[in-house]
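One structure is given below, encoded as structure tokens.
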Amino acid sequence: TELTKEKMIEAIQQYHTQNRQTDLDDATEAVQISFACCGASGYRDWSSNNRYFNCTEETFTKLVTGCGVPAACCRNESKTNTQCGYKTYPYPGMPMAEQKLWPMNMRETIIYETGCAASVIQWVKDNYILLGGIAVGILVVQIVGICLAIYMVDQIKYILQFNVK
């Protein structure tokens, strides 16, 4: 579980940065969409691990993404708006009057709040028989390939012993 969280946090830290890896960004988004989750332990992982989604009074006012999450964290009914995850939770010390101006009070209907690490681990637990079957299937194919390669080497040796000049 900790390794899954660590890898997810690393992906969050790299998300849309200068040295970003688009494949990693796509994989991060795919995991969040497929498992209906957000962040490693929860949606606030984006604030503490990615400067674009950091949540302070300064980032809230200067960055459109401040105190938010990527669109991949949005629930299906919210996905028509690619900025649905922006400004979804208050910065520390934010006045209640100001909070009412933003979608923070409806956060649970807009974004997924649960973390992806727990969702991925639960999926593996629920599908371990399927995963084991796939692993055995791949193992059988590999063993058949090795046997055929050994047979082919033996046939080549057999043919070569009669064609020696």
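Note on naming: chains are A, B, ... as they come in the structure tokens, residues start from 1 per chain, ligands start from 1 in the order shown.
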
With a cut-off of 8 Å, could you pull out the residues of stretch 17-70 of chain A touching stretch 4-11 of chain A and give me the nearest pair of atoms for each, distance in Å to one decimal, using only C-alpha atoms, ordered by chain and ascending number, as JSON lines?
```
{"residue": "A:Leu24", "atom": "CA", "partner": "A:Ala11", "partner_atom": "CA", "distance": 6.5}
{"residue": "A:Asp25", "atom": "CA", "partner": "A:Ala11", "partner_atom": "CA", "distance": 7.1}
{"residue": "A:Thr28", "atom": "CA", "partner": "A:Ala11", "partner_atom": "CA", "distance": 6.6}
{"residue": "A:Gly39", "atom": "CA", "partner": "A:Met8", "partner_atom": "CA", "distance": 7.2}
{"residue": "A:Ala40", "atom": "CA", "partner": "A:Lys5", "partner_atom": "CA", "distance": 5.2}
{"residue": "A:Ser41", "atom": "CA", "partner": "A:Lys5", "partner_atom": "CA", "distance": 7.0}
{"residue": "A:Asp45", "atom": "CA", "partner": "A:Ile9", "partner_atom": "CA", "distance": 7.4}
{"residue": "A:Asn49", "atom": "CA", "partner": "A:Ile9", "partner_atom": "CA", "distance": 6.9}
```

File dump, residues just selected, N, CA and C atoms, as a PDB file, in the first residue's frame:
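Wrote selection.pdb, looks like this:
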```pdb
ATOM      1  N   LEU A  24       3.112   9.633 -18.175  1.00  0.00           N
ATOM      2  CA  LEU A  24       2.827   9.552 -16.743  1.00  0.00           C
ATOM      3  C   LEU A  24       1.593  10.383 -16.398  1.00  0.00           C
ATOM      4  N   ASP A  25       1.469  11.558 -17.008  1.00  0.00           N
ATOM      5  CA  ASP A  25       0.273  12.381 -16.798  1.00  0.00           C
ATOM      6  C   ASP A  25      -0.972  11.634 -17.258  1.00  0.00           C
ATOM      7  N   THR A  28      -1.774   8.831 -14.848  1.00  0.00           N
ATOM      8  CA  THR A  28      -2.352   9.367 -13.616  1.00  0.00           C
ATOM      9  C   THR A  28      -3.824   9.699 -13.821  1.00  0.00           C
ATOM     10  N   GLY A  39      -6.066  11.677  -6.175  1.00  0.00           N
ATOM     11  CA  GLY A  39      -4.865  11.702  -5.354  1.00  0.00           C
ATOM     12  C   GLY A  39      -4.483  10.313  -4.868  1.00  0.00           C
ATOM     13  N   ALA A  40      -3.455  10.246  -4.037  1.00  0.00           N
ATOM     14  CA  ALA A  40      -3.006   8.955  -3.506  1.00  0.00           C
ATOM     15  C   ALA A  40      -3.848   8.555  -2.294  1.00  0.00           C
ATOM     16  N   SER A  41      -3.899   9.445  -1.298  1.00  0.00           N
ATOM     17  CA  SER A  41      -4.700   9.186  -0.094  1.00  0.00           C
ATOM     18  C   SER A  41      -6.028   9.933  -0.127  1.00  0.00           C
ATOM     19  N   ASP A  45      -4.034  15.590  -1.633  1.00  0.00           N
ATOM     20  CA  ASP A  45      -2.663  15.266  -2.066  1.00  0.00           C
ATOM     21  C   ASP A  45      -2.211  16.201  -3.177  1.00  0.00           C
ATOM     22  N   ASN A  49       1.341  18.416  -2.972  1.00  0.00           N
ATOM     23  CA  ASN A  49       2.388  17.800  -3.796  1.00  0.00           C
ATOM     24  C   ASN A  49       2.526  18.361  -5.204  1.00  0.00           C
TER      25      ASN A  49
END
```

| request: Find the spatial neighbours of A:Thr88, counting only C-alpha atoms, within a cut-off of 12 Å - ignore same-chain residues fewer than 3 positions away - and output them as an NGL selection string. | output: :A and (43-44 or 46-47 or 53-55 or 60 or 64-71 or 73-74 or 83-85 or 91 or 99-113)

When you look at stretch 118-124 of chain A with a cut-off of 10 Å (counting only C-alpha atoms), what residues show up, excluding the ones that are within fewer than 6 positions of it in the same chain? I need them as a compact mmCIF listing (two decimals) with N, CA, C and O atoms, in the first residue's frame.
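Printed below is out.txt as written:
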```txt
# COMPACT_ATOMS: atom_id res chain seq x y z
N THR A 1 0.82 -1.19 0.00
CA THR A 1 0.00 0.00 0.00
C THR A 1 0.87 1.26 0.00
O THR A 1 0.58 2.19 -0.72
N GLU A 2 1.91 1.26 0.80
CA GLU A 2 2.79 2.44 0.87
C GLU A 2 3.50 2.69 -0.46
O GLU A 2 3.65 3.83 -0.87
N THR A 4 2.39 1.92 -3.42
CA THR A 4 1.38 2.48 -4.33
C THR A 4 1.19 3.97 -4.06
O THR A 4 1.15 4.77 -5.01
N LYS A 5 1.11 4.35 -2.80
CA LYS A 5 0.96 5.77 -2.44
C LYS A 5 2.18 6.57 -2.88
O LYS A 5 2.03 7.66 -3.44
N VAL A 31 -5.92 6.40 -14.18
CA VAL A 31 -6.16 5.73 -12.90
C VAL A 31 -7.29 6.45 -12.16
O VAL A 31 -8.21 5.81 -11.64
N GLN A 32 -7.23 7.78 -12.10
CA GLN A 32 -8.24 8.53 -11.36
C GLN A 32 -9.62 8.38 -11.99
O GLN A 32 -10.62 8.27 -11.28
N SER A 34 -10.61 5.75 -14.04
CA SER A 34 -11.02 4.34 -13.98
C SER A 34 -11.46 3.91 -12.59
O SER A 34 -12.40 3.13 -12.46
N PHE A 35 -10.76 4.40 -11.57
CA PHE A 35 -11.06 3.97 -10.21
C PHE A 35 -11.92 4.97 -9.45
O PHE A 35 -12.15 4.80 -8.25
N ALA A 36 -12.39 6.01 -10.12
CA ALA A 36 -13.25 7.04 -9.50
C ALA A 36 -12.64 7.52 -8.18
O ALA A 36 -13.22 7.40 -7.11
N CYS A 37 -11.41 8.06 -8.28
CA CYS A 37 -10.67 8.48 -7.10
C CYS A 37 -9.90 9.75 -7.42
O CYS A 37 -9.90 10.22 -8.56
N CYS A 38 -9.22 10.28 -6.40
CA CYS A 38 -8.46 11.51 -6.59
C CYS A 38 -7.28 11.54 -5.64
O CYS A 38 -7.45 11.41 -4.43
N ALA A 40 -3.46 10.25 -4.04
CA ALA A 40 -3.01 8.95 -3.51
C ALA A 40 -3.85 8.56 -2.29
O ALA A 40 -4.46 7.49 -2.28
N SER A 41 -3.90 9.44 -1.30
CA SER A 41 -4.70 9.19 -0.09
C SER A 41 -6.03 9.93 -0.13
O SER A 41 -6.95 9.59 0.60
N GLY A 42 -6.10 10.96 -0.95
CA GLY A 42 -7.31 11.77 -1.06
C GLY A 42 -7.04 12.99 -1.92
O GLY A 42 -5.91 13.23 -2.35
N LEU A 130 -8.37 -13.50 -11.32
CA LEU A 130 -8.20 -13.11 -12.72
C LEU A 130 -6.74 -12.78 -13.02
O LEU A 130 -6.18 -13.25 -14.02
N LEU A 131 -6.11 -11.98 -12.14
CA LEU A 131 -4.71 -11.62 -12.34
C LEU A 131 -3.80 -12.85 -12.29
O LEU A 131 -2.87 -12.97 -13.09
```

| field | Which of chain A DSSP labels strand (DSSP E or B), written as a ChimeraX atom specification | value | /A:42,74,111,114

Would you put the residues from that selection into a file with N, CA, C and O atoms, as a PDB file, in the first residue's frame?
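Dumped to part.pdb:
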```pdb
ATOM      1  N   GLY A  42      -6.103  10.960  -0.952  1.00  0.00           N
ATOM      2  CA  GLY A  42      -7.310  11.770  -1.056  1.00  0.00           C
ATOM      3  C   GLY A  42      -7.036  12.990  -1.920  1.00  0.00           C
ATOM      4  O   GLY A  42      -5.910  13.228  -2.350  1.00  0.00           O
ATOM      5  N   CYS A  74     -12.874  14.754 -11.372  1.00  0.00           N
ATOM      6  CA  CYS A  74     -14.277  15.159 -11.383  1.00  0.00           C
ATOM      7  C   CYS A  74     -15.201  13.974 -11.615  1.00  0.00           C
ATOM      8  O   CYS A  74     -14.884  13.056 -12.366  1.00  0.00           O
ATOM      9  N   ILE A 111     -16.257  16.407  -7.149  1.00  0.00           N
ATOM     10  CA  ILE A 111     -15.025  15.624  -7.313  1.00  0.00           C
ATOM     11  C   ILE A 111     -15.073  14.364  -6.453  1.00  0.00           C
ATOM     12  O   ILE A 111     -15.838  14.273  -5.496  1.00  0.00           O
ATOM     13  N   THR A 114     -12.009  10.229  -2.339  1.00  0.00           N
ATOM     14  CA  THR A 114     -11.212   9.105  -1.856  1.00  0.00           C
ATOM     15  C   THR A 114      -9.924   8.965  -2.661  1.00  0.00           C
ATOM     16  O   THR A 114      -9.867   9.322  -3.834  1.00  0.00           O
TER      17      THR A 114
END
```

| Quick one: DSSP helix (DSSP H, G or I) residues in stretch 7-161 of chain A, as a PyMOL selection string? | chain A and resi 7-14+22-34+45-49+57-62+71-73+76-78+96-99+103-110+116-126+128-161
